[in-house]
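The structure under discussion appears below in the form of structure tokens.
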Amino acid sequence: MNFVFLGISSALVSNVVLSRFLGICPFLGVSSKSKTAEGMGIAVIFVIFISTFVTYNINTFLLKEDGIFGIDLTYLQTIVFILVIACLVQFVEMFLKKYVKALYNSLGVYLPLITTNCAVLGVALTVVDDNLYPNISYALVYSLGTSIGFFIAIVLMASIREKIEYNDIPNAFKGKPIVLIIACLMSMAFYGFSGLKIGG
Amino acid sequence: MDNNKFLKTILNGLFYENPTFVLMLGMCPTLAVTISFFNAIGMGLSTTIVLILSNLIISLLRKIIPDKVRIPSYIVIVASLVTVVQLLIQAYIPSLYKSLGIYIPLIVVNCIILGRAESFASKNNCINSIADGFGMGIGFTMAISLIAILREFIGNGSIFNIILIPNDYQIKIFSLAPGAFLVLGIIIAILNYKNNNKIKSDEFSCNNNCLNCSMNRITKGDE
Amino acid sequence: MKNNLLVIKDALILFIITTILGLLLSFTKIITDEPIKTAQINALNNSYRQVINDYSSSDDITRKVLDESITNSKVKLINCLKVYNANNETIGYITLVRINGYGGNIDVLTGFDLSENITGIEFPNDLSETPGIGMGITSNEFKNSFVGKNISNIKSVDTLTGATISSTAVKDAVSFSLDIVKNAIQID
């Protein structure tokens, strides 16, 4: 039950984009068409899940004081995690290019952009907090919830933007400002989810 | 002539290509740390320091770093600098460390730093790179400080934690998540209006040209 | 052959850059280690001083007070300290407990004097309660409403309107702390 609550709260209640402000750059930049938004969303789910798994284990077995090296190397988290994420994205891209050509073709351009997505590094750094995420299953549920939340947010934004494409937007607001206003309203709407509380 | 370029580069970063309002890079910290003026200035100055140092180092090494490994090199350089800054803040300004929290390490993936490294520092000499780092950094700091002042004053009725407007007249929404989007959107709309740009409905600074986006080139590595 | 040499040269340069940066990082870590520890201890001592004014030093008695009979499924004891003042006399106890609030965990730091009365409560760690509503538990009025209470009248503390879950969680946490301290004083 706890996992369900964790998953729902990380996806909806404190949505990664609309509440925690991670992953804004692709959210604003890639959400103009729903097809590309879906592609980006799925790629992000993929990358966040795998990278959380890898970085969590690296932290547990290498960087913490009771790991292999025996000394507290947690100050290297930033460097190690970002390098791991960059490599992971390259590998995922090569793997997809070779074995799942269709997925690669639809995601292709956006995969490398995920390296600089704040959400990936943000989630990786958040789940290594011992107090809140005692073991790896919590971390994985959280990462899955977060990335699904990103998917929901970006697809919603894309659908809204497609709908208003032919509306009469004031000149000053055309382009990014109207996207930000839409995000503001979405964020307010998502506040409604704060009422969700399942289990204990 | 060199002095002119130096000044022009700084002004470029401050106004003409302001990273927040014009280039729209580094949105994540912009929206997240602008809840209070103190946080915004702290974040802005930390980013400026990292930006200046990384521009300097990358410019110094631009002839030495091979093209094939330039992305990992940039990442390693920026990540080390951010970790150094993080340790220093944690040691000497613990209150700032507590309020910025996870956003200090996230300076690494701040598009501004990698973006300027790729597009400016790797092609210009040291002095101009420092100027660019300084201009962009201070431009970023000014932009987020402006947003922070507005959000803190209207939403919390305070400046630097000194309450000026009583509780009943504060518009709390500005201190919360939606307020961030709102303030940024309105400021950019005002700037657009003043510039009288004929902006087409889907135009971003990269013209939605993802294949040639500088960020894409950065993360793809070669070519 | 030439390709291999190029790759090795590229890798070598990357390796050198990484090594130099690594050294710079370790150097920074060494010089900031002390100040960081000092800053953390200062912050902790400050929060202790906010719940017990004459806090000077303490002993960690967490192991001793953890008793099967007073465990609570909702509240977790993190730390229990026996507090001394500047003259090394015992002046009270401090407990740090964790309970699940509305948006996440709430860490409640409570100070007690020797007659098991509450001297103050604090929230030393970040809270994720709803801003403006649940976060009202950090207001001085709410925190002060606990001062002077003990086991007999803890139930009389008012919860916050509109923030039932958050404030009830704090009340439960403080009740649990009272039981812990009662046990601690008995053991002593």
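Naming works like this for the structure tokens: A, B, ... for the chains as they're shown, residue 1 at the start of each chain, ligands 1 onward in shown order.
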
Quiz item: If you count only C-alpha atoms, which residues fall within 10 Å of C:Val75, apart from same-chain ones fewer than 3 positions away, as number ranges by chain?
Solution: C: 71-72, 78, 97-100, 106-107, 169-170, 172-177

Please provide the set of residues having any atom within 8 Å of A:Ser51, restricted to only C-alpha atoms, with same-chain residues fewer than 2 positions apart removed, written as an mmCIF file with all heavy atoms, in the first residue's frame.
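Output saved as out06.cif:
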```
data_model
loop_
_atom_site.group_PDB
_atom_site.id
_atom_site.type_symbol
_atom_site.label_atom_id
_atom_site.label_comp_id
_atom_site.auth_asym_id
_atom_site.auth_seq_id
_atom_site.Cartn_x
_atom_site.Cartn_y
_atom_site.Cartn_z
ATOM 1 N N VAL A 47 14.847 6.483 -19.344
ATOM 2 C CA VAL A 47 16.149 6.920 -18.845
ATOM 3 C C VAL A 47 16.136 7.092 -17.337
ATOM 4 O O VAL A 47 17.057 6.653 -16.640
ATOM 5 C CB VAL A 47 16.589 8.232 -19.529
ATOM 6 C CG1 VAL A 47 17.848 8.764 -18.900
ATOM 7 C CG2 VAL A 47 16.799 7.995 -20.998
ATOM 8 N N ILE A 48 15.070 7.719 -16.799
ATOM 9 C CA ILE A 48 15.050 7.956 -15.353
ATOM 10 C C ILE A 48 15.054 6.632 -14.606
ATOM 11 O O ILE A 48 15.781 6.451 -13.625
ATOM 12 C CB ILE A 48 13.827 8.800 -14.937
ATOM 13 C CG1 ILE A 48 13.986 10.231 -15.402
ATOM 14 C CG2 ILE A 48 13.654 8.772 -13.439
ATOM 15 C CD1 ILE A 48 12.961 11.170 -14.831
ATOM 16 N N PHE A 49 14.250 5.671 -15.085
ATOM 17 C CA PHE A 49 14.163 4.412 -14.363
ATOM 18 C C PHE A 49 15.513 3.698 -14.336
ATOM 19 O O PHE A 49 16.007 3.295 -13.283
ATOM 20 C CB PHE A 49 13.103 3.526 -15.013
ATOM 21 C CG PHE A 49 12.793 2.287 -14.234
ATOM 22 C CD1 PHE A 49 12.128 2.380 -13.028
ATOM 23 C CD2 PHE A 49 13.171 1.046 -14.684
ATOM 24 C CE1 PHE A 49 11.841 1.247 -12.288
ATOM 25 C CE2 PHE A 49 12.893 -0.090 -13.956
ATOM 26 C CZ PHE A 49 12.223 0.000 -12.757
ATOM 27 N N PHE A 53 18.224 3.214 -11.060
ATOM 28 C CA PHE A 53 18.691 1.904 -10.639
ATOM 29 C C PHE A 53 20.207 1.875 -10.553
ATOM 30 O O PHE A 53 20.794 1.468 -9.545
ATOM 31 C CB PHE A 53 18.179 0.858 -11.634
ATOM 32 C CG PHE A 53 18.573 -0.541 -11.287
ATOM 33 C CD1 PHE A 53 17.974 -1.191 -10.218
ATOM 34 C CD2 PHE A 53 19.548 -1.207 -11.999
ATOM 35 C CE1 PHE A 53 18.344 -2.473 -9.883
ATOM 36 C CE2 PHE A 53 19.915 -2.490 -11.669
ATOM 37 C CZ PHE A 53 19.311 -3.130 -10.607
ATOM 38 N N VAL A 54 20.865 2.347 -11.606
ATOM 39 C CA VAL A 54 22.328 2.287 -11.645
ATOM 40 C C VAL A 54 22.950 3.202 -10.586
ATOM 41 O O VAL A 54 23.821 2.800 -9.822
ATOM 42 C CB VAL A 54 22.840 2.654 -13.046
ATOM 43 C CG1 VAL A 54 24.347 2.704 -13.055
ATOM 44 C CG2 VAL A 54 22.352 1.649 -14.065
ATOM 45 N N THR A 55 22.494 4.453 -10.519
ATOM 46 C CA THR A 55 23.149 5.389 -9.602
ATOM 47 C C THR A 55 22.886 5.035 -8.151
ATOM 48 O O THR A 55 23.751 5.205 -7.290
ATOM 49 C CB THR A 55 22.685 6.838 -9.852
ATOM 50 O OG1 THR A 55 21.264 6.898 -9.748
ATOM 51 C CG2 THR A 55 23.125 7.327 -11.198
ATOM 52 N N VAL A 84 27.584 9.015 -15.255
ATOM 53 C CA VAL A 84 26.849 7.768 -15.475
ATOM 54 C C VAL A 84 25.646 8.016 -16.365
ATOM 55 O O VAL A 84 25.367 7.266 -17.301
ATOM 56 C CB VAL A 84 26.395 7.172 -14.119
ATOM 57 C CG1 VAL A 84 25.351 6.121 -14.335
ATOM 58 C CG2 VAL A 84 27.576 6.597 -13.394
ATOM 59 N N ILE A 85 24.920 9.120 -16.088
ATOM 60 C CA ILE A 85 23.732 9.421 -16.887
ATOM 61 C C ILE A 85 24.113 9.676 -18.333
ATOM 62 O O ILE A 85 23.468 9.184 -19.260
ATOM 63 C CB ILE A 85 22.976 10.631 -16.297
ATOM 64 C CG1 ILE A 85 22.390 10.244 -14.945
ATOM 65 C CG2 ILE A 85 21.870 11.092 -17.219
ATOM 66 C CD1 ILE A 85 21.783 11.405 -14.212
ATOM 67 N N LEU A 88 24.966 6.403 -19.907
ATOM 68 C CA LEU A 88 23.767 5.589 -20.020
ATOM 69 C C LEU A 88 22.951 6.010 -21.228
ATOM 70 O O LEU A 88 22.466 5.179 -21.993
ATOM 71 C CB LEU A 88 22.922 5.784 -18.758
ATOM 72 C CG LEU A 88 22.080 4.605 -18.351
ATOM 73 C CD1 LEU A 88 22.986 3.462 -17.991
ATOM 74 C CD2 LEU A 88 21.255 4.995 -17.144
ATOM 75 N N VAL A 120 16.352 14.081 -14.444
ATOM 76 C CA VAL A 120 17.107 12.842 -14.279
ATOM 77 C C VAL A 120 18.097 12.960 -13.128
ATOM 78 O O VAL A 120 18.117 12.160 -12.203
ATOM 79 C CB VAL A 120 17.859 12.480 -15.572
ATOM 80 C CG1 VAL A 120 18.480 11.120 -15.436
ATOM 81 C CG2 VAL A 120 16.934 12.523 -16.744
ATOM 82 N N ALA A 124 17.892 11.257 -9.327
ATOM 83 C CA ALA A 124 19.028 10.442 -8.875
ATOM 84 C C ALA A 124 19.563 10.951 -7.545
ATOM 85 O O ALA A 124 19.899 10.170 -6.652
ATOM 86 C CB ALA A 124 20.131 10.454 -9.927
#
```

Could you produce a table of the residues of chain C lying within 9 Å of chain B, with the nearest pair of atoms per residue and their separation in Å rounded to one decimal, using only C-alpha atoms, ordered by chain and increasing residue number, as a Markdown table?
```
| residue | atom | partner | partner_atom | distance |
| --- | --- | --- | --- | --- |
| C:Val7 | CA | B:Lys68 | CA | 9.0 |
| C:Lys9 | CA | B:Pro66 | CA | 8.7 |
| C:Asp10 | CA | B:Pro66 | CA | 6.0 |
| C:Ala11 | CA | B:Val69 | CA | 7.7 |
| C:Ile13 | CA | B:Ile65 | CA | 7.1 |
| C:Leu14 | CA | B:Ser73 | CA | 6.3 |
| C:Ile17 | CA | B:Ser73 | CA | 7.5 |
| C:Thr18 | CA | B:Val76 | CA | 6.8 |
| C:Leu21 | CA | B:Ser80 | CA | 6.4 |
| C:Gly22 | CA | B:Ser80 | CA | 7.6 |
| C:Leu24 | CA | B:Val84 | CA | 8.3 |
| C:Leu25 | CA | B:Val84 | CA | 6.2 |
| C:Thr28 | CA | B:Val84 | CA | 6.3 |
| C:Lys29 | CA | B:Leu87 | CA | 6.9 |
| C:Thr32 | CA | B:Ala91 | CA | 5.9 |
| C:Asp33 | CA | B:Ala91 | CA | 7.6 |
| C:Glu34 | CA | B:Ala91 | CA | 8.0 |
| C:Pro35 | CA | B:Ala91 | CA | 5.0 |
| C:Ile36 | CA | B:Ala91 | CA | 4.2 |
| C:Lys37 | CA | B:Ala91 | CA | 7.9 |
| C:Thr38 | CA | B:Ala91 | CA | 8.2 |
| C:Ala39 | CA | B:Ala91 | CA | 6.5 |
| C:Gln40 | CA | B:Pro94 | CA | 8.1 |
| C:Ala43 | CA | B:Pro94 | CA | 8.6 |
| C:Asp126 | CA | B:Lys98 | CA | 8.9 |
| C:Pro131 | CA | B:Leu176 | CA | 7.9 |
| C:Gly132 | CA | B:Lys172 | CA | 8.0 |
```

Quiz prompt | Interface residues on chain A facing chain B, 6 Å, only C-alpha atoms, written as number ranges by chain | solution = A: 19, 21-22, 24, 79, 112-113, 116, 172-175, 177, 180-181, 184, 187-188

For the residues selected in the previous step, produce a file with N, CA and C atoms as a PDB file, in the first residue's frame.
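Wrote part32.pdb, looks like this:
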```
ATOM      1  N   SER A  19       5.360  21.021  -9.889  1.00  0.00           N
ATOM      2  CA  SER A  19       5.486  21.298  -8.469  1.00  0.00           C
ATOM      3  C   SER A  19       6.935  21.416  -8.049  1.00  0.00           C
ATOM      4  N   PHE A  21       9.544  21.709 -10.306  1.00  0.00           N
ATOM      5  CA  PHE A  21      10.300  22.485 -11.290  1.00  0.00           C
ATOM      6  C   PHE A  21      11.534  21.782 -11.824  1.00  0.00           C
ATOM      7  N   LEU A  22      11.463  20.482 -12.014  1.00  0.00           N
ATOM      8  CA  LEU A  22      12.580  19.804 -12.655  1.00  0.00           C
ATOM      9  C   LEU A  22      12.131  19.393 -14.048  1.00  0.00           C
ATOM     10  N   ILE A  24      11.999  21.445 -16.742  1.00  0.00           N
ATOM     11  CA  ILE A  24      11.215  22.498 -17.381  1.00  0.00           C
ATOM     12  C   ILE A  24      11.660  22.723 -18.814  1.00  0.00           C
ATOM     13  N   ILE A  79      29.370  14.429  -9.641  1.00  0.00           N
ATOM     14  CA  ILE A  79      30.184  14.100 -10.803  1.00  0.00           C
ATOM     15  C   ILE A  79      29.872  12.710 -11.311  1.00  0.00           C
ATOM     16  N   PRO A 112      19.461  12.284 -26.729  1.00  0.00           N
ATOM     17  CA  PRO A 112      20.628  12.977 -26.179  1.00  0.00           C
ATOM     18  C   PRO A 112      20.258  14.173 -25.324  1.00  0.00           C
ATOM     19  N   LEU A 113      19.112  14.798 -25.622  1.00  0.00           N
ATOM     20  CA  LEU A 113      18.737  15.979 -24.863  1.00  0.00           C
ATOM     21  C   LEU A 113      18.401  15.654 -23.421  1.00  0.00           C
ATOM     22  N   THR A 116      20.836  16.535 -20.219  1.00  0.00           N
ATOM     23  CA  THR A 116      20.810  17.780 -19.467  1.00  0.00           C
ATOM     24  C   THR A 116      19.444  18.057 -18.882  1.00  0.00           C
ATOM     25  N   ALA A 172       1.949  39.879 -27.808  1.00  0.00           N
ATOM     26  CA  ALA A 172       3.015  39.821 -26.802  1.00  0.00           C
ATOM     27  C   ALA A 172       3.126  38.449 -26.180  1.00  0.00           C
ATOM     28  N   PHE A 173       2.005  37.708 -26.177  1.00  0.00           N
ATOM     29  CA  PHE A 173       2.019  36.426 -25.490  1.00  0.00           C
ATOM     30  C   PHE A 173       2.369  35.256 -26.392  1.00  0.00           C
ATOM     31  N   LYS A 174       2.484  35.534 -27.688  1.00  0.00           N
ATOM     32  CA  LYS A 174       2.735  34.417 -28.599  1.00  0.00           C
ATOM     33  C   LYS A 174       4.094  33.813 -28.327  1.00  0.00           C
ATOM     34  N   GLY A 175       4.175  32.504 -28.433  1.00  0.00           N
ATOM     35  CA  GLY A 175       5.453  31.854 -28.189  1.00  0.00           C
ATOM     36  C   GLY A 175       5.504  31.369 -26.759  1.00  0.00           C
ATOM     37  N   PRO A 177       5.477  32.983 -23.603  1.00  0.00           N
ATOM     38  CA  PRO A 177       4.662  33.468 -22.485  1.00  0.00           C
ATOM     39  C   PRO A 177       3.351  32.700 -22.333  1.00  0.00           C
ATOM     40  N   LEU A 180       3.871  29.480 -20.627  1.00  0.00           N
ATOM     41  CA  LEU A 180       4.072  29.629 -19.187  1.00  0.00           C
ATOM     42  C   LEU A 180       2.762  29.866 -18.462  1.00  0.00           C
ATOM     43  N   ILE A 181       1.870  30.650 -19.087  1.00  0.00           N
ATOM     44  CA  ILE A 181       0.584  30.877 -18.441  1.00  0.00           C
ATOM     45  C   ILE A 181      -0.190  29.563 -18.352  1.00  0.00           C
ATOM     46  N   CYS A 184       1.101  27.624 -15.592  1.00  0.00           N
ATOM     47  CA  CYS A 184       0.613  28.158 -14.317  1.00  0.00           C
ATOM     48  C   CYS A 184      -0.752  27.573 -13.992  1.00  0.00           C
ATOM     49  N   SER A 187      -0.520  23.929 -13.136  1.00  0.00           N
ATOM     50  CA  SER A 187       0.041  23.742 -11.802  1.00  0.00           C
ATOM     51  C   SER A 187      -1.025  23.958 -10.739  1.00  0.00           C
ATOM     52  N   MET A 188      -1.871  24.976 -10.956  1.00  0.00           N
ATOM     53  CA  MET A 188      -2.941  25.211 -10.000  1.00  0.00           C
ATOM     54  C   MET A 188      -3.906  24.038  -9.978  1.00  0.00           C
TER      55      MET A 188
END
```

Exercise. Return as a PyMOL selection string the full set of residues in chain A whose backbone-based DSSP assignment is alpha helix (DSSP H).
Key: chain A and resi 2-8+24-29+34-58+77-99+101-107+110-113+118-126+136-163+176-190

Quiz item: Which one is closest to chain A: C:Thr130, C:Asn125, C:Asn4, C:Asn88? Count only C-alpha atoms.
Solution: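 Checking each of C:Thr130, C:Asn125, C:Asn4, C:Asn88 against chain A, counting only C-alpha atoms, the winner is C:Thr130.
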
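Within the 7 Å cut-off around B:Ile154, using only C-alpha atoms and omitting residues fewer than 4 positions from it on the same chain, the listed residues are B:Leu150, B:Gln170, B:Ile171, B:Phe174.
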
Include N, CA and C atoms and write out the residues we just selected as a compact mmCIF listing (two decimals), in the first residue's frame.
```
# COMPACT_ATOMS: atom_id res chain seq x y z
N LEU B 150 9.65 40.20 -6.96
CA LEU B 150 8.21 40.27 -7.20
C LEU B 150 7.47 39.19 -6.44
N GLN B 170 -1.59 39.63 1.42
CA GLN B 170 -0.62 38.90 0.61
C GLN B 170 -1.37 38.00 -0.37
N ILE B 171 -0.85 37.92 -1.58
CA ILE B 171 -1.46 37.03 -2.58
C ILE B 171 -0.60 35.78 -2.61
N PHE B 174 1.48 33.69 -5.43
CA PHE B 174 2.75 34.04 -6.04
C PHE B 174 3.92 33.33 -5.39
```

Quiz item: For chain C, which residue out of A:Phe193, A:Phe27, A:Gly70, A:Gly145 is the nearest one, using only C-alpha atoms?
Solution: A:Phe193

Exercise. Could you check how far atom CA of C:Ser166 sits from atom CA of C:Gly101, in Å to one decimal?
Key: 5.2 Å

Practice problem: Apply DSSP to the structure's backbone, then extract all residues of stretch 117-170 of chain C labelled strand (DSSP E) and return them as a VMD selection string. | Solution: chain C and resid 118 to 122

Practice problem: Have a look at atom CA of B:Ala148 and atom CA of B:Leu96 and let me know their distance in Å, one decimal. | Solution: 15.2 Å

Quiz item: In Å, with one decimal, what is the gap from atom CA of B:Thr9 to atom CA of B:Gly139?
Solution: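 The value is 11.6 Å.
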
Practice problem: Write out as a PyMOL selection string each polymer residue whose atoms come within 8 Å of stretch 155-169 of chain A, counting only C-alpha atoms; drop sequence neighbours fewer than 2 positions from it. | Solution: (chain A and resi 31-34+37-38+41+151-153+171+173-174+179+182-183) or (chain B and resi 201)

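The environment of C:Ile154 within 10 Å, counting only C-alpha atoms and disregarding residues fewer than 4 places along the same chain, consists of Asn117, Ile118, Ser145, Phe146, Val147, Gly148, Lys149, Asn150, Asp158, Lys171, Asp172, Val174, Ser175 and Leu178 of chain C.
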
Go ahead and write the selection's residues with N, CA, C and O atoms as a CSV table (one decimal), in the first residue's frame.
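Resulting contents of part_11.csv:
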```csv
chain,number,residue,atom,x,y,z
C,117,ASN,N,7.8,18.2,32.1
C,117,ASN,CA,7.0,19.2,31.4
C,117,ASN,C,7.8,19.6,30.1
C,117,ASN,O,9.0,19.6,30.1
C,118,ILE,N,7.0,20.0,29.1
C,118,ILE,CA,7.6,20.3,27.9
C,118,ILE,C,8.2,21.7,27.9
C,118,ILE,O,7.5,22.7,28.4
C,145,SER,N,2.0,26.5,22.2
C,145,SER,CA,0.9,25.9,22.9
C,145,SER,C,1.2,24.6,23.6
C,145,SER,O,0.5,24.1,24.4
C,146,PHE,N,2.4,24.1,23.2
C,146,PHE,CA,2.9,22.8,23.9
C,146,PHE,C,3.7,23.1,25.1
C,146,PHE,O,3.8,22.2,26.0
C,147,VAL,N,4.2,24.3,25.3
C,147,VAL,CA,5.1,24.6,26.4
C,147,VAL,C,4.4,24.4,27.7
C,147,VAL,O,3.2,25.0,27.9
C,148,GLY,N,5.0,23.7,28.7
C,148,GLY,CA,4.4,23.6,30.0
C,148,GLY,C,3.4,22.4,30.1
C,148,GLY,O,3.0,22.1,31.2
C,149,LYS,N,3.1,21.8,29.0
C,149,LYS,CA,2.2,20.6,29.1
C,149,LYS,C,3.0,19.4,29.5
C,149,LYS,O,4.2,19.3,29.4
C,150,ASN,N,2.2,18.5,30.1
C,150,ASN,CA,2.8,17.2,30.4
C,150,ASN,C,1.8,16.1,30.1
C,150,ASN,O,0.8,16.4,29.5
C,158,ASP,N,-4.8,22.5,21.3
C,158,ASP,CA,-5.7,22.6,20.2
C,158,ASP,C,-5.0,22.3,18.9
C,158,ASP,O,-3.8,22.6,18.7
C,171,LYS,N,0.9,16.4,17.6
C,171,LYS,CA,0.4,16.1,18.9
C,171,LYS,C,0.8,14.6,19.3
C,171,LYS,O,1.3,14.3,20.3
C,172,ASP,N,0.5,13.7,18.3
C,172,ASP,CA,0.9,12.3,18.5
C,172,ASP,C,2.4,12.1,18.8
C,172,ASP,O,2.8,11.4,19.7
C,174,VAL,N,4.5,14.3,20.0
C,174,VAL,CA,4.8,14.8,21.3
C,174,VAL,C,4.4,13.9,22.4
C,174,VAL,O,5.1,13.7,23.4
C,175,SER,N,3.1,13.3,22.3
C,175,SER,CA,2.7,12.4,23.3
C,175,SER,C,3.6,11.2,23.4
C,175,SER,O,4.0,10.8,24.5
C,178,LEU,N,6.6,12.2,25.3
C,178,LEU,CA,6.4,12.2,26.7
C,178,LEU,C,6.5,10.8,27.3
C,178,LEU,O,7.1,10.7,28.4
```

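Every protein, DNA or RNA residue with an atom at most 8 Å from B:Gly44, where only C-alpha atoms count and chain neighbours fewer than 5 positions away do not, is listed here: Gly137, Ile138, Phe140, Thr141, Met142, Ile144 and Ser145 of chain B.
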
Quiz prompt | Polymer residues at most 9 Å from A:Ala139, only C-alpha atoms, same-chain spacing of 3 or more positions, as an MDAnalysis selection string | solution = chainID A and resid 52:53 56 123:124 126:128 133:136 142:144
